[in-house]
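Undergrad: Coordinates in final_2.csv, CSV, C-alpha atoms, are listed below.
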```csv
chain,number,residue,atom,x,y,z
A,186,MET,CA,-5.9,-81.4,119.0
A,187,ALA,CA,-9.7,-81.4,118.8
A,188,ASN,CA,-11.7,-79.1,121.0
A,189,LEU,CA,-13.7,-80.7,123.8
A,190,GLY,CA,-17.3,-79.8,122.9
A,191,PHE,CA,-19.8,-79.2,125.7
A,192,GLY,CA,-23.1,-80.8,124.6
A,193,TRP,CA,-26.4,-79.4,126.1
A,194,MET,CA,-28.7,-82.4,125.6
A,195,ARG,CA,-28.1,-84.1,128.9
A,196,LEU,CA,-27.8,-81.3,131.5
A,197,PRO,CA,-28.4,-81.8,135.2
A,198,LEU,CA,-32.0,-81.5,136.3
A,199,LEU,CA,-33.8,-80.4,139.5
A,200,SER,CA,-36.6,-82.8,138.9
A,201,GLU,CA,-37.7,-85.4,136.3
A,202,LYS,CA,-39.0,-82.7,134.1
A,203,GLN,CA,-36.6,-82.2,131.1
A,204,THR,CA,-37.2,-78.4,131.1
A,205,ASP,CA,-36.3,-78.1,134.8
A,206,ILE,CA,-32.5,-77.6,134.3
A,207,ASP,CA,-30.3,-77.0,137.3
A,208,LEU,CA,-28.9,-73.7,136.0
A,209,GLU,CA,-26.7,-73.0,139.0
A,210,GLN,CA,-24.8,-76.3,138.6
A,211,VAL,CA,-24.6,-75.7,134.8
A,212,LYS,CA,-23.0,-72.3,135.5
A,213,LYS,CA,-20.3,-74.0,137.6
A,214,MET,CA,-19.8,-76.5,134.8
A,215,VAL,CA,-19.5,-73.7,132.2
A,216,ASP,CA,-17.0,-71.9,134.4
A,217,GLU,CA,-14.8,-75.0,134.9
A,218,TYR,CA,-14.9,-75.9,131.3
A,219,LEU,CA,-14.0,-72.4,130.0
A,220,ALA,CA,-11.3,-72.0,132.6
A,221,ALA,CA,-9.6,-75.1,131.3
A,222,GLY,CA,-9.2,-73.5,127.8
A,223,PHE,CA,-12.1,-75.2,125.9
A,224,ASN,CA,-14.9,-73.2,124.3
A,225,TYR,CA,-17.2,-75.2,122.0
A,226,PHE,CA,-20.9,-75.3,123.0
A,227,ASP,CA,-23.5,-77.4,121.2
A,228,THR,CA,-27.2,-77.1,121.6
A,229,SER,CA,-30.4,-77.4,119.6
A,230,PHE,CA,-33.9,-76.0,119.3
A,231,VAL,CA,-35.4,-79.2,120.7
A,232,TYR,CA,-33.0,-80.3,123.5
A,233,HIS,CA,-34.5,-80.5,127.0
A,234,GLY,CA,-38.0,-80.0,125.7
A,235,GLY,CA,-36.9,-76.7,124.1
A,236,ALA,CA,-35.2,-75.3,127.2
A,237,SER,CA,-31.5,-75.9,126.2
A,238,GLU,CA,-31.1,-72.8,124.1
A,239,ASN,CA,-32.5,-70.6,126.9
A,240,ALA,CA,-30.1,-72.3,129.3
A,241,ILE,CA,-27.2,-71.3,127.0
A,242,LYS,CA,-28.4,-67.7,127.2
A,243,GLU,CA,-28.6,-67.7,131.0
A,244,CYS,CA,-25.5,-69.8,131.9
A,245,LEU,CA,-23.1,-68.7,129.1
A,246,VAL,CA,-24.2,-65.8,126.9
A,247,LYS,CA,-25.2,-63.4,129.7
A,248,ARG,CA,-22.0,-64.2,131.6
A,249,TYR,CA,-19.3,-64.2,129.0
A,250,ALA,CA,-18.2,-62.0,126.1
A,251,ARG,CA,-19.3,-63.4,122.7
A,252,ASP,CA,-15.8,-63.8,121.5
A,253,LYS,CA,-15.0,-66.2,124.4
A,254,PHE,CA,-17.0,-69.1,123.0
A,255,ILE,CA,-18.0,-71.0,119.9
A,256,LEU,CA,-21.7,-71.6,119.7
A,257,THR,CA,-23.5,-74.2,117.5
A,258,SER,CA,-27.2,-74.8,117.3
A,259,LYS,CA,-29.4,-76.8,114.9
A,260,LEU,CA,-32.5,-76.3,112.9
A,261,PRO,CA,-35.2,-79.0,113.7
A,262,ILE,CA,-35.8,-80.1,110.1
A,263,PHE,CA,-38.0,-83.0,111.4
A,264,ALA,CA,-40.4,-80.5,113.0
A,265,ILE,CA,-40.8,-78.3,109.8
A,266,THR,CA,-43.7,-78.8,107.4
A,267,GLU,CA,-43.7,-75.5,105.4
A,268,GLU,CA,-41.1,-73.1,104.2
A,269,LYS,CA,-42.2,-70.1,106.3
A,270,GLN,CA,-41.2,-72.0,109.5
A,271,VAL,CA,-37.6,-72.1,108.5
A,272,GLU,CA,-36.8,-68.5,109.1
A,273,GLU,CA,-39.3,-68.2,111.9
A,274,ILE,CA,-37.6,-70.9,113.9
A,275,PHE,CA,-34.1,-69.7,113.1
A,276,ASN,CA,-34.9,-66.2,114.3
A,277,LYS,CA,-36.4,-67.7,117.5
A,278,GLN,CA,-33.2,-69.7,118.0
A,279,LEU,CA,-31.1,-66.5,117.9
A,280,GLU,CA,-33.5,-64.9,120.4
A,281,ASN,CA,-33.5,-68.1,122.6
A,282,CYS,CA,-29.7,-68.0,122.8
A,283,GLY,CA,-29.4,-64.2,123.1
A,284,VAL,CA,-26.9,-64.0,120.3
A,285,GLU,CA,-26.7,-62.2,116.9
A,286,TYR,CA,-25.0,-65.1,115.2
A,287,PHE,CA,-24.1,-68.8,115.5
A,288,ASP,CA,-20.6,-69.9,114.8
A,289,TYR,CA,-21.8,-73.2,113.3
A,290,PHE,CA,-25.4,-73.8,112.3
A,291,LEU,CA,-26.6,-77.3,111.4
A,292,LEU,CA,-29.6,-78.9,109.8
A,293,HIS,CA,-30.5,-81.3,112.6
A,294,ASN,CA,-30.8,-85.1,112.1
A,295,MET,CA,-30.3,-85.3,108.3
A,296,ASN,CA,-31.1,-88.5,106.4
A,297,ILE,CA,-32.1,-89.3,102.9
A,298,ILE,CA,-35.8,-89.1,103.6
A,299,ARG,CA,-35.6,-85.6,105.0
A,300,TYR,CA,-33.0,-84.5,102.4
A,301,GLU,CA,-35.1,-85.5,99.4
A,302,GLY,CA,-38.2,-84.2,101.2
A,303,VAL,CA,-38.5,-81.2,103.5
A,304,VAL,CA,-34.9,-80.0,103.1
A,305,LYS,CA,-35.3,-79.6,99.4
A,306,SER,CA,-38.9,-78.5,99.3
A,307,CYS,CA,-38.3,-75.8,102.0
A,308,LYS,CA,-35.0,-74.7,100.3
A,309,MET,CA,-33.0,-75.1,103.6
A,310,PHE,CA,-29.6,-75.0,102.1
A,311,ASP,CA,-30.5,-71.7,100.3
A,312,TYR,CA,-31.5,-70.3,103.7
A,313,LEU,CA,-28.2,-71.4,105.3
A,314,LYS,CA,-26.2,-69.6,102.5
A,315,LYS,CA,-28.4,-66.5,102.9
A,316,TRP,CA,-27.8,-66.4,106.7
A,317,LYS,CA,-24.1,-66.9,106.2
A,318,ASP,CA,-24.0,-64.0,103.7
A,319,ALA,CA,-25.8,-61.9,106.3
A,320,GLY,CA,-23.3,-62.8,109.0
A,321,LYS,CA,-25.9,-64.6,111.1
A,322,ILE,CA,-24.0,-67.8,110.8
A,323,LYS,CA,-20.3,-68.3,110.3
A,324,HIS,CA,-20.2,-71.9,109.1
A,325,ILE,CA,-22.7,-74.2,107.4
A,326,GLY,CA,-23.3,-77.8,108.3
A,327,PHE,CA,-25.6,-80.6,109.3
A,328,SER,CA,-25.8,-83.4,111.8
A,329,PHE,CA,-26.2,-86.8,110.1
A,330,HIS,CA,-27.9,-90.1,110.8
A,331,ASP,CA,-27.7,-92.3,107.7
A,332,SER,CA,-25.3,-94.3,105.5
A,333,ALA,CA,-22.0,-93.1,104.1
A,334,GLU,CA,-23.5,-93.5,100.6
A,335,VAL,CA,-26.2,-91.0,101.4
A,336,LEU,CA,-23.6,-88.7,103.0
A,337,ASP,CA,-21.5,-88.8,99.9
A,338,LYS,CA,-24.5,-87.8,97.8
A,339,ILE,CA,-25.4,-84.8,100.0
A,340,LEU,CA,-21.8,-83.5,100.2
A,341,THR,CA,-21.4,-83.9,96.4
A,342,GLU,CA,-24.6,-81.9,95.8
A,343,HIS,CA,-23.8,-79.2,98.5
A,344,PRO,CA,-20.1,-78.2,98.4
A,345,GLU,CA,-21.0,-75.1,100.5
A,346,VAL,CA,-21.2,-77.4,103.6
A,347,GLU,CA,-18.2,-76.9,105.8
A,348,ALA,CA,-18.7,-79.4,108.6
A,349,VAL,CA,-20.7,-82.5,109.3
A,350,GLN,CA,-21.6,-83.8,112.8
A,351,ILE,CA,-21.6,-87.6,113.0
A,352,VAL,CA,-21.8,-90.3,115.7
A,353,VAL,CA,-18.3,-91.6,116.4
A,354,ASN,CA,-17.4,-94.2,119.1
A,355,TYR,CA,-15.7,-97.5,119.1
A,356,ILE,CA,-19.0,-99.5,119.3
A,357,ASP,CA,-20.4,-97.9,116.2
A,358,TRP,CA,-17.1,-97.6,114.3
A,359,GLU,CA,-18.0,-100.4,111.9
A,360,SER,CA,-21.7,-101.0,112.6
A,361,TYR,CA,-24.1,-101.8,109.8
A,362,TYR,CA,-26.2,-98.6,110.2
A,363,ILE,CA,-24.3,-95.9,112.1
A,364,GLN,CA,-21.1,-96.5,110.0
A,365,SER,CA,-18.9,-94.1,111.9
A,366,LYS,CA,-15.7,-95.1,110.1
A,367,LYS,CA,-17.3,-94.9,106.6
A,368,CYS,CA,-19.0,-91.6,107.3
A,369,TYR,CA,-15.8,-90.1,108.8
A,370,GLU,CA,-13.8,-91.2,105.7
A,371,THR,CA,-16.5,-89.7,103.4
A,372,ILE,CA,-16.4,-86.3,105.1
A,373,ARG,CA,-12.6,-86.2,104.8
A,374,LYS,CA,-12.8,-87.3,101.2
A,375,HIS,CA,-14.8,-84.2,100.5
A,376,GLY,CA,-12.3,-82.0,102.4
A,377,LYS,CA,-14.8,-81.0,105.1
A,378,LYS,CA,-14.4,-80.9,108.9
A,379,VAL,CA,-15.8,-83.4,111.4
A,380,LEU,CA,-17.8,-82.7,114.5
A,381,ILE,CA,-18.2,-85.8,116.7
A,382,MET,CA,-21.2,-86.6,118.8
A,383,GLU,CA,-21.9,-89.5,121.1
A,384,PRO,CA,-18.3,-90.4,121.8
A,385,VAL,CA,-19.4,-92.2,124.9
A,386,LYS,CA,-22.6,-93.5,123.3
A,387,GLY,CA,-25.1,-91.9,125.6
A,388,GLY,CA,-23.1,-92.9,128.7
A,389,THR,CA,-22.7,-96.6,127.6
A,390,LEU,CA,-18.9,-96.3,127.4
A,391,ALA,CA,-18.6,-94.6,130.7
A,392,LYS,CA,-19.8,-97.6,132.7
A,393,ALA,CA,-18.1,-100.8,131.5
A,394,PRO,CA,-18.7,-104.5,132.2
A,395,ALA,CA,-16.3,-105.7,135.0
A,396,GLU,CA,-14.1,-107.5,132.5
A,397,VAL,CA,-13.6,-104.3,130.4
A,398,GLU,CA,-12.9,-102.1,133.4
A,399,LYS,CA,-10.3,-104.6,134.5
A,400,ILE,CA,-8.5,-104.4,131.1
A,401,PHE,CA,-8.6,-100.6,131.1
A,402,LYS,CA,-7.4,-100.2,134.7
A,403,ALA,CA,-4.6,-102.6,134.1
A,404,ALA,CA,-3.4,-100.4,131.2
A,405,ALA,CA,-4.0,-97.0,132.8
A,406,PRO,CA,-5.1,-97.2,136.5
A,407,GLU,CA,-5.5,-93.4,136.8
A,408,ASN,CA,-7.8,-93.0,133.7
A,409,SER,CA,-11.6,-93.4,133.7
A,410,VAL,CA,-13.5,-95.8,131.6
A,411,ALA,CA,-15.0,-92.9,129.7
A,412,SER,CA,-11.6,-91.4,128.9
A,413,TRP,CA,-10.8,-94.3,126.5
A,414,ALA,CA,-13.9,-93.5,124.4
A,415,VAL,CA,-13.1,-89.8,124.4
A,416,ARG,CA,-9.5,-90.5,123.3
A,417,PHE,CA,-10.7,-92.8,120.6
A,418,ALA,CA,-12.7,-90.0,119.0
A,419,ALA,CA,-10.2,-87.2,119.7
A,420,SER,CA,-7.4,-89.2,118.1
A,421,LEU,CA,-8.9,-88.8,114.7
A,422,GLU,CA,-7.8,-86.1,112.3
A,423,ASP,CA,-9.7,-83.1,110.9
A,424,VAL,CA,-12.0,-83.1,114.0
A,425,ILE,CA,-13.2,-79.6,115.2
A,426,ALA,CA,-14.7,-80.9,118.4
A,427,VAL,CA,-15.5,-84.0,120.3
A,428,ILE,CA,-18.9,-83.2,121.8
A,429,SER,CA,-19.7,-84.8,125.1
A,430,GLY,CA,-23.2,-84.4,126.7
A,431,MET,CA,-22.0,-83.7,130.2
A,432,SER,CA,-24.6,-84.1,133.0
A,433,ASN,CA,-22.7,-82.9,136.1
A,434,LEU,CA,-19.5,-81.2,137.3
A,435,GLU,CA,-17.8,-84.6,137.9
A,436,GLN,CA,-18.2,-85.5,134.2
A,437,VAL,CA,-16.9,-82.1,133.1
A,438,LYS,CA,-13.8,-82.6,135.3
A,439,ASP,CA,-13.2,-86.1,134.0
A,440,ASN,CA,-13.4,-85.0,130.4
A,441,LEU,CA,-11.1,-82.0,131.1
A,442,ALA,CA,-8.5,-84.3,132.6
A,443,THR,CA,-8.6,-86.4,129.5
A,444,MET,CA,-8.4,-83.6,127.0
A,445,LYS,CA,-6.1,-81.1,128.8
A,446,ASN,CA,-3.4,-83.8,128.9
A,447,PHE,CA,-4.4,-85.4,125.7
A,448,ALA,CA,-2.5,-88.5,124.6
A,449,PRO,CA,-3.5,-90.0,121.2
A,450,LEU,CA,-4.2,-93.7,121.1
A,451,THR,CA,-1.1,-96.0,120.7
A,452,ASP,CA,-1.2,-99.3,118.8
A,453,SER,CA,-1.4,-101.0,122.1
A,454,ASP,CA,-4.4,-98.8,123.2
A,455,LYS,CA,-6.2,-99.7,119.9
A,456,LYS,CA,-5.9,-103.4,120.7
A,457,ILE,CA,-7.3,-102.9,124.2
A,458,ILE,CA,-10.2,-100.9,122.8
A,459,ALA,CA,-10.9,-103.7,120.2
A,460,GLN,CA,-11.0,-106.1,123.1
A,461,ALA,CA,-13.4,-103.8,125.0
A,462,ASN,CA,-15.6,-103.4,122.0
A,463,LYS,CA,-16.0,-107.2,121.6
A,464,ILE,CA,-16.8,-107.7,125.3
A,465,TYR,CA,-19.4,-104.8,125.4
A,466,ARG,CA,-21.2,-106.5,122.4
A,467,GLU,CA,-21.0,-109.9,124.0
A,468,ASN,CA,-22.7,-108.5,127.1
A,469,GLY,CA,-25.8,-107.8,125.0
A,470,PRO,CA,-28.8,-110.1,125.1
A,471,LEU,CA,-27.6,-112.1,122.1
A,472,LYS,CA,-24.1,-112.7,123.6
A,473,LYS,CA,-22.5,-112.1,120.3
A,474,ALA,CA,-20.1,-109.5,118.9
A,475,ASN,CA,-20.3,-110.5,115.2
A,476,PHE,CA,-23.5,-111.1,113.2
A,477,ALA,CA,-21.9,-111.6,109.7
A,478,GLU,CA,-23.3,-115.1,109.5
A,479,TYR,CA,-26.8,-113.7,109.1
A,480,GLU,CA,-26.0,-111.2,106.3
A,481,ASN,CA,-27.5,-113.2,103.5
A,482,ILE,CA,-30.9,-113.7,105.2
A,483,LYS,CA,-32.7,-110.7,103.8
A,484,PRO,CA,-36.1,-111.6,102.2
A,485,LYS,CA,-37.1,-107.9,101.8
A,486,GLY,CA,-33.6,-106.4,101.5
A,487,ILE,CA,-32.8,-105.8,105.1
A,488,SER,CA,-30.6,-108.5,106.5
A,489,ALA,CA,-31.1,-110.4,109.8
A,490,ALA,CA,-27.5,-109.4,110.6
A,491,GLU,CA,-28.4,-105.7,110.6
A,492,VAL,CA,-31.5,-106.2,112.7
A,493,LEU,CA,-29.7,-108.4,115.3
A,494,GLU,CA,-26.6,-106.2,115.6
A,495,THR,CA,-28.8,-103.0,115.9
A,496,TYR,CA,-30.9,-104.6,118.6
A,497,ASN,CA,-27.9,-105.9,120.5
A,498,ASN,CA,-26.2,-102.5,120.4
A,499,SER,CA,-29.3,-100.7,121.5
A,500,THR,CA,-29.9,-102.9,124.5
A,501,ILE,CA,-26.4,-102.5,126.0
A,502,GLN,CA,-27.1,-98.7,126.4
A,503,PRO,CA,-28.3,-97.2,129.8
A,504,VAL,CA,-31.7,-96.4,128.3
A,505,PRO,CA,-32.2,-98.9,125.4
A,506,THR,CA,-35.6,-97.3,124.4
A,507,PHE,CA,-33.8,-94.0,123.9
A,508,ALA,CA,-31.2,-95.5,121.6
A,509,ALA,CA,-30.8,-93.8,118.2
A,510,GLU,CA,-30.4,-97.1,116.4
A,511,ALA,CA,-34.2,-97.6,116.0
A,512,ASN,CA,-34.3,-94.4,113.9
A,513,TYR,CA,-31.6,-95.7,111.5
A,514,PHE,CA,-33.8,-98.8,111.2
A,515,SER,CA,-36.9,-96.7,110.3
A,516,VAL,CA,-34.9,-95.0,107.5
A,517,GLU,CA,-33.7,-98.4,106.2
A,518,LYS,CA,-37.3,-99.7,106.1
A,519,ALA,CA,-38.3,-96.6,104.2
A,520,LYS,CA,-35.4,-97.0,101.7
A,521,HIS,CA,-36.6,-100.6,101.0
A,522,LYS,CA,-40.3,-99.4,100.7
A,523,ILE,CA,-41.3,-101.5,103.7
A,524,LYS,CA,-44.1,-100.0,105.8
A,525,MET,CA,-43.0,-99.0,109.3
A,526,ASP,CA,-45.2,-101.5,111.1
A,527,ALA,CA,-44.8,-104.3,108.5
A,528,PRO,CA,-42.3,-107.1,109.3
A,529,CYS,CA,-39.1,-107.6,107.3
A,530,PHE,CA,-39.2,-111.3,108.1
A,531,ASP,CA,-42.4,-113.2,107.6
A,532,GLU,CA,-41.2,-116.8,107.2
A,533,LYS,CA,-39.3,-119.1,109.5
A,534,ILE,CA,-35.6,-118.3,109.6
A,535,ILE,CA,-33.1,-121.1,109.8
A,536,SER,CA,-29.3,-120.3,110.0
A,537,ASN,CA,-26.7,-123.1,110.2
A,538,GLY,CA,-29.4,-125.5,111.3
A,539,GLU,CA,-30.6,-123.1,114.1
A,540,ASP,CA,-34.1,-121.7,114.2
A,541,ILE,CA,-33.6,-118.0,114.9
A,542,THR,CA,-37.1,-116.9,114.0
A,543,LYS,CA,-38.1,-115.7,117.4
A,544,ILE,CA,-34.9,-113.9,118.1
A,545,VAL,CA,-35.1,-111.9,114.8
A,546,LYS,CA,-38.7,-111.1,115.2
A,547,ASP,CA,-38.3,-110.0,118.8
A,548,ALA,CA,-35.3,-107.8,117.8
A,549,GLU,CA,-37.3,-106.2,114.9
A,550,LYS,CA,-40.3,-105.6,117.2
A,551,PHE,CA,-38.0,-103.8,119.8
A,552,LEU,CA,-36.6,-101.6,117.1
A,553,THR,CA,-40.0,-100.8,115.5
A,554,ASP,CA,-41.5,-100.0,119.0
A,555,GLY,CA,-38.5,-97.7,119.6
A,556,MET,CA,-38.7,-95.5,116.5
A,557,PHE,CA,-39.0,-91.8,117.3
A,558,PHE,CA,-39.7,-91.2,113.6
A,559,LYS,CA,-41.9,-93.2,111.2
A,560,TYR,CA,-42.0,-92.5,107.5
A,561,GLU,CA,-44.7,-93.0,105.0
A,562,VAL,CA,-43.8,-95.4,102.1
```
Here is the file; what I need is its structure written in the form of structure tokens.
TA:
Amino acid sequence: MANLGFGWMRLPLLSEKQTDIDLEQVKKMVDEYLAAGFNYFDTSFVYHGGASENAIKECLVKRYARDKFILTSKLPIFAITEEKQVEEIFNKQLENCGVEYFDYFLLHNMNIIRYEGVVKSCKMFDYLKKWKDAGKIKHIGFSFHDSAEVLDKILTEHPEVEAVQIVVNYIDWESYYIQSKKCYETIRKHGKKVLIMEPVKGGTLAKAPAEVEKIFKAAAPENSVASWAVRFAASLEDVIAVISGMSNLEQVKDNLATMKNFAPLTDSDKKIIAQANKIYRENGPLKKANFAEYENIKPKGISAAEVLETYNNSTIQPVPTFAAEANYFSVEKAKHKIKMDAPCFDEKIISNGEDITKIVKDAEKFLTDGMFFKYEV
């Protein structure tokens, strides 16, 4: 069974300030989690405005022996512009966390643009191997946000990689951009281990439309809505940990209840989840679950289907403007040599006699406005 991972990106706060973490509540969360027999902690240099690693030191490292937990952090490759920063930031991360080594250390937020750019120019994989040889990291990996084709290329060129962290949830399982299923299969094809992030899709799959909740409760009255999403991810093979960004003690207890008495999905459960997936999507602004009819509309190489699905899946999330989908869209535009602020669709768009021009352009504008990262092309 996969470990339940404790993600440190959405910790409880004392105010609206991301660095103002409620350390006393986090300590209680850590105690409850470890007491239940789980031990995988996931943080990053940038989470909580840079305060997450320090919270790890205060709430975990100072309070428990080092052999009682597995600790993962990530190098912010998107914030690095020159090679000297690679080692400087890594050493700062060890200091932030108060440890002498990381069990897993990942290049954070890998895609083809960063891989062919800063990752290669700053020799980041060479540094990972050097740190592993020195005992400062135990396992090499990266977190990934791009297509399965790109993932296959990176794993082919870097057999030293031991694990890849990917988004896996039932909404994104077969989506155009996140491609959970294809990426999962690619990792397994290369014989690597899987780390799963966003199993509940930023909280989306913890609060269901009434129709979905009714279906879930009819099948398992005692189980939470979120438990279905966690079980979906944890039922996969070769998974080291299913990492949940838990924000309070109640969420910790709910996830522990799911994973301590873990039951893999049955065929009946999978059918229920397929129903739920369809309803979630149909609750988006476009009221559709399938956009395949628009796949051939792609004047600049990006299809209207991709844009509409990505927009729809973003807007069903608790904070649509914080959805990761917009960043996948920015990478796709860069791959097709389309400037970040240039439209993919200039002309009127007619599909099956219907004018969908405004819908597509509105969707594209939403995704463009929501990009955290913009690339020069």
Undergrad: What's around A:Tyr560 at 9 Å? Count all atoms listed in the file, leave out sequence neighbours fewer than 2 positions away in its own chain, and write the answer as an MDAnalysis selection string.
TA: chainID A and resid 298 515:516 518:519 524:525 558 562
Undergrad: Up to 9 Å from (-17.5, -84.4, 122.9) in the file's coordinates: name the residues, counting all atoms listed in the file, as a PyMOL selection string.
TA: chain A and resi 188-192+380-385+415+418-419+426-431+440
Undergrad: From the list A:Gly320, A:Gly222, A:Pro449, A:Pro406, which residue is nearest A:Leu421 when using only C-alpha atoms?
TA: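 Between A:Gly320, A:Gly222, A:Pro449, A:Pro406, the residue approaching A:Leu421 most closely is A:Pro449.
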Undergrad: Place a sphere of radius 6 Å on (-35.8, -74.4, 106.4) in the file coordinates and name every protein, DNA or RNA residue with an atom inside or on its surface, counting all atoms listed in the file; give the answer as an mmCIF file with C-alpha atoms, in the frame of the given file.
TA:
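Result saved to out22.cif:
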```
data_model
loop_
_atom_site.group_PDB
_atom_site.id
_atom_site.type_symbol
_atom_site.label_atom_id
_atom_site.label_comp_id
_atom_site.auth_asym_id
_atom_site.auth_seq_id
_atom_site.Cartn_x
_atom_site.Cartn_y
_atom_site.Cartn_z
ATOM 1 C CA GLU A 268 -41.100 -73.100 104.200
ATOM 2 C CA VAL A 271 -37.600 -72.100 108.500
ATOM 3 C CA CYS A 307 -38.300 -75.800 102.000
ATOM 4 C CA MET A 309 -33.000 -75.100 103.600
#
```
Undergrad: For A:Asn497, work out the shell of residues within 12 Å, counting all atoms listed in the file and skipping chain neighbours fewer than 2 positions away, then give it as a PyMOL selection string.
TA: chain A and resi 356-357+360+465-476+490-495+499-502+505+508+510-511+544-545+547-549+551-552
Undergrad: Determine the nearest neighbour of A:Lys520 from the options A:Leu292, A:Ile297, A:Leu199, A:Ala391, counting only C-alpha atoms.
TA: A:Ile297
